[in-house]
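Only one structure is covered here, and it is reproduced in the block below.
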Amino acid sequence: MANVIPKEVKKERVDAFVAETWKACLLTNGFTYVSDGTYVTYSDLDNEVVGPGYTAGGATVANKASSYIDTTNVKLSADDTAWTTATLALVRYVAVYETTGGKIRAIYDFGADKSVTTGTFTVEWSSNGLIKIS
């Protein structure tokens with residue numbers, strides 16, 4: 001196993017992610033991630049939210065960019081993703097996937113159920129990035 005992966009190689013991987021079109025879909029608290037290969041693509045996901053202002057499949061993750069965090073780490077960042085005039089309840093997870101083959105790139109747990117009534121539901125991506133490769 002390699003002891004060091006040069007940051008330039010890490011950035012190449014993140015740049016490949018930047019070139020893909022990604023979507024973010026919202027999942028209810030009924031979703032439970034299983035790390036046995038059950039959830040590989042968007043079509044494998046269950047418990048996607050349903051409600052006014054939300055379209056199945058989610059919303060496009062806009063303005064993805066890669067950057068160096070420091071001398072060894074790279075991150076992928078993007079604009080926050082929002083659904084306007086939405087009425088959504090029991091939202092617990094957001095899954096990010098690439099649209100060509102539907103491969104899941106990441107699943108995030110909000111840590112608690114979220115909801116909105118006739119308002120904007122926004123996923124605020126971390127300032128540390130959607131994905132960090134250390």
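Chains: A, B, ... in order of the structure tokens. Residues: from 1 per chain. Ligands: from 1, in order shown.
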
Show me, as JSON lines, the residues of stretch 4-80 of chain A having an atom within 10 Å of stretch 106-110 of chain A, each with the closest atom pair and its distance in Å, using only C-alpha atoms.
```
{"residue": "A:Ala24", "atom": "CA", "partner": "A:Ile107", "partner_atom": "CA", "distance": 9.3}
{"residue": "A:Cys25", "atom": "CA", "partner": "A:Ile107", "partner_atom": "CA", "distance": 9.5}
{"residue": "A:Leu26", "atom": "CA", "partner": "A:Tyr108", "partner_atom": "CA", "distance": 9.7}
{"residue": "A:Leu27", "atom": "CA", "partner": "A:Asp109", "partner_atom": "CA", "distance": 9.5}
{"residue": "A:Asn29", "atom": "CA", "partner": "A:Asp109", "partner_atom": "CA", "distance": 9.5}
{"residue": "A:Tyr33", "atom": "CA", "partner": "A:Ile107", "partner_atom": "CA", "distance": 8.5}
{"residue": "A:Tyr39", "atom": "CA", "partner": "A:Ile107", "partner_atom": "CA", "distance": 10.0}
```

Could you please take those selected residues and save N, CA and C atoms as a PDB file, in the first residue's frame?
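Generated output (again-v5.pdb):
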```pdb
ATOM      1  N   ALA A  24     -28.245  16.226  -6.612  1.00  0.00           N
ATOM      2  CA  ALA A  24     -28.442  15.950  -5.189  1.00  0.00           C
ATOM      3  C   ALA A  24     -29.905  15.602  -4.993  1.00  0.00           C
ATOM      4  N   CYS A  25     -30.168  14.441  -4.410  1.00  0.00           N
ATOM      5  CA  CYS A  25     -31.550  14.055  -4.120  1.00  0.00           C
ATOM      6  C   CYS A  25     -31.718  13.909  -2.612  1.00  0.00           C
ATOM      7  N   LEU A  26     -32.918  14.206  -2.156  1.00  0.00           N
ATOM      8  CA  LEU A  26     -33.221  14.177  -0.735  1.00  0.00           C
ATOM      9  C   LEU A  26     -33.902  12.867  -0.368  1.00  0.00           C
ATOM     10  N   LEU A  27     -33.522  12.324   0.781  1.00  0.00           N
ATOM     11  CA  LEU A  27     -34.068  11.055   1.261  1.00  0.00           C
ATOM     12  C   LEU A  27     -34.682  11.255   2.637  1.00  0.00           C
ATOM     13  N   ASN A  29     -36.155  10.033   6.512  1.00  0.00           N
ATOM     14  CA  ASN A  29     -35.549   9.343   7.650  1.00  0.00           C
ATOM     15  C   ASN A  29     -35.774   7.831   7.594  1.00  0.00           C
ATOM     16  N   TYR A  33     -28.572   3.551   5.218  1.00  0.00           N
ATOM     17  CA  TYR A  33     -27.460   3.166   4.357  1.00  0.00           C
ATOM     18  C   TYR A  33     -26.893   1.825   4.809  1.00  0.00           C
ATOM     19  N   TYR A  39     -26.382   0.075  -2.182  1.00  0.00           N
ATOM     20  CA  TYR A  39     -26.599   1.409  -2.750  1.00  0.00           C
ATOM     21  C   TYR A  39     -25.391   1.830  -3.571  1.00  0.00           C
TER      22      TYR A  39
END
```

Self-check item: strand (DSSP E or B) residues, from DSSP on the backbone, in chain A, as a PyMOL selection string
Solution: chain A and resi 22-28+41+48+59-60+65-68+74-77+81-98+103-123+131-133

Self-check item: Shell around A:Asp15 at 10 Å using only C-alpha atoms, local window under 2 positions removed, as a list in words
Solution: Val9, Lys10, Lys11, Glu12, Arg13, Phe17, Val18, Ala19, Glu20, Lys64, Ala65, Ser66, Ser67, Val74, Lys75 and Leu76 of chain A

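We find atom CA of A:Gly129 and atom CA of A:Ala86 to be spaced 25.2 Å apart.
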
Practice problem: as a PyMOL selection string, please: all residues of chain A that backbone DSSP puts in helix (DSSP H, G or I). | Solution: chain A and resi 7-19+42-44

Output N, CA and C atoms for every residue in the selection just made, as a CSV table (one decimal), in the first residue's frame.
```csv
chain,number,residue,atom,x,y,z
A,7,LYS,N,-0.5,15.2,-4.0
A,7,LYS,CA,-1.7,16.0,-4.1
A,7,LYS,C,-2.1,16.3,-5.5
A,8,GLU,N,-1.2,16.2,-6.4
A,8,GLU,CA,-1.6,16.4,-7.8
A,8,GLU,C,-2.4,15.3,-8.3
A,9,VAL,N,-2.2,14.1,-7.9
A,9,VAL,CA,-3.0,12.9,-8.2
A,9,VAL,C,-4.3,13.0,-7.6
A,10,LYS,N,-4.4,13.4,-6.4
A,10,LYS,CA,-5.7,13.7,-5.7
A,10,LYS,C,-6.5,14.7,-6.5
A,11,LYS,N,-5.8,15.7,-6.9
A,11,LYS,CA,-6.6,16.8,-7.7
A,11,LYS,C,-7.1,16.3,-9.0
A,12,GLU,N,-6.3,15.4,-9.7
A,12,GLU,CA,-6.8,14.8,-10.9
A,12,GLU,C,-8.1,14.0,-10.7
A,13,ARG,N,-8.2,13.3,-9.6
A,13,ARG,CA,-9.4,12.6,-9.3
A,13,ARG,C,-10.6,13.5,-9.0
A,14,VAL,N,-10.3,14.6,-8.3
A,14,VAL,CA,-11.4,15.5,-8.0
A,14,VAL,C,-11.7,16.3,-9.3
A,15,ASP,N,-10.8,16.6,-10.1
A,15,ASP,CA,-11.1,17.3,-11.4
A,15,ASP,C,-12.0,16.4,-12.3
A,16,ALA,N,-11.8,15.1,-12.2
A,16,ALA,CA,-12.7,14.2,-12.9
A,16,ALA,C,-14.1,14.3,-12.4
A,17,PHE,N,-14.3,14.4,-11.1
A,17,PHE,CA,-15.6,14.6,-10.5
A,17,PHE,C,-16.2,15.9,-11.0
A,18,VAL,N,-15.4,17.0,-11.1
A,18,VAL,CA,-15.8,18.3,-11.5
A,18,VAL,C,-16.4,18.2,-12.9
A,19,ALA,N,-15.8,17.4,-13.8
A,19,ALA,CA,-16.2,17.3,-15.2
A,19,ALA,C,-17.6,16.6,-15.3
A,42,TYR,N,-28.1,5.7,-8.2
A,42,TYR,CA,-29.3,6.4,-7.9
A,42,TYR,C,-30.6,5.5,-7.9
A,43,SER,N,-30.7,4.7,-8.9
A,43,SER,CA,-31.8,3.8,-9.0
A,43,SER,C,-31.9,2.8,-7.8
A,44,ASP,N,-30.8,2.6,-7.1
A,44,ASP,CA,-30.8,1.7,-5.9
A,44,ASP,C,-31.4,2.3,-4.7
```

Quiz prompt | Å distance separating atom CA of A:Arg105 from atom CA of A:Ala59, one decimal place | solution = 14.7 Å

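For the residues A:Asn73, A:Asp80, A:Gly111, A:Thr122, ranking by smallest atom-to-atom distance to A:Tyr93 using only C-alpha atoms places A:Gly111 first.
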
Quiz item: Can you tell me, as an NGL selection string, what residues are no more than 12 Å from A:Thr117 when counting only C-alpha atoms, ignoring any on the same chain fewer than 5 positions away?
Solution: :A and (51-53 or 83-90)

Self-check item: Nearest-residue call for A:Val116, choices A:Thr41, A:Val91, A:Ile5, A:Ala56, using only C-alpha atoms
Solution: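 When distances to A:Val116 are compared using only C-alpha atoms, the smallest one comes from A:Val91.
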
Quiz item: Taking only C-alpha atoms into account, which of A:Ala82, A:Leu130, A:Met1, A:Val123 comes nearest A:Tyr54?
Solution: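 Of the candidates, the smallest distance to A:Tyr54 is held by A:Ala82.
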
Practice problem: Rank A:Tyr97, A:Tyr68, A:Trp22, A:Phe31 by their smallest atom-to-atom distance to A:Lys132, using only C-alpha atoms, and report the top residue only. | Solution: A:Tyr68

Practice problem: Name the closest residue to A:Glu98 among the candidates A:Thr38, A:Thr60, A:Thr32, A:Thr81; distances are taken between atoms, counting only C-alpha atoms. | Solution: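 The shortest atom-to-atom distance to A:Glu98 comes from A:Thr60.
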
Quiz item: For A:Gly102, which residue among A:Val34, A:Ile131, A:Leu45, A:Val4 is the nearest when counting only C-alpha atoms?
Solution: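 Smallest separation from A:Gly102 among the options: A:Leu45.
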
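Across the structure, atom CA of A:Ala78 and atom CA of A:Thr120 are spaced 18.0 Å apart.
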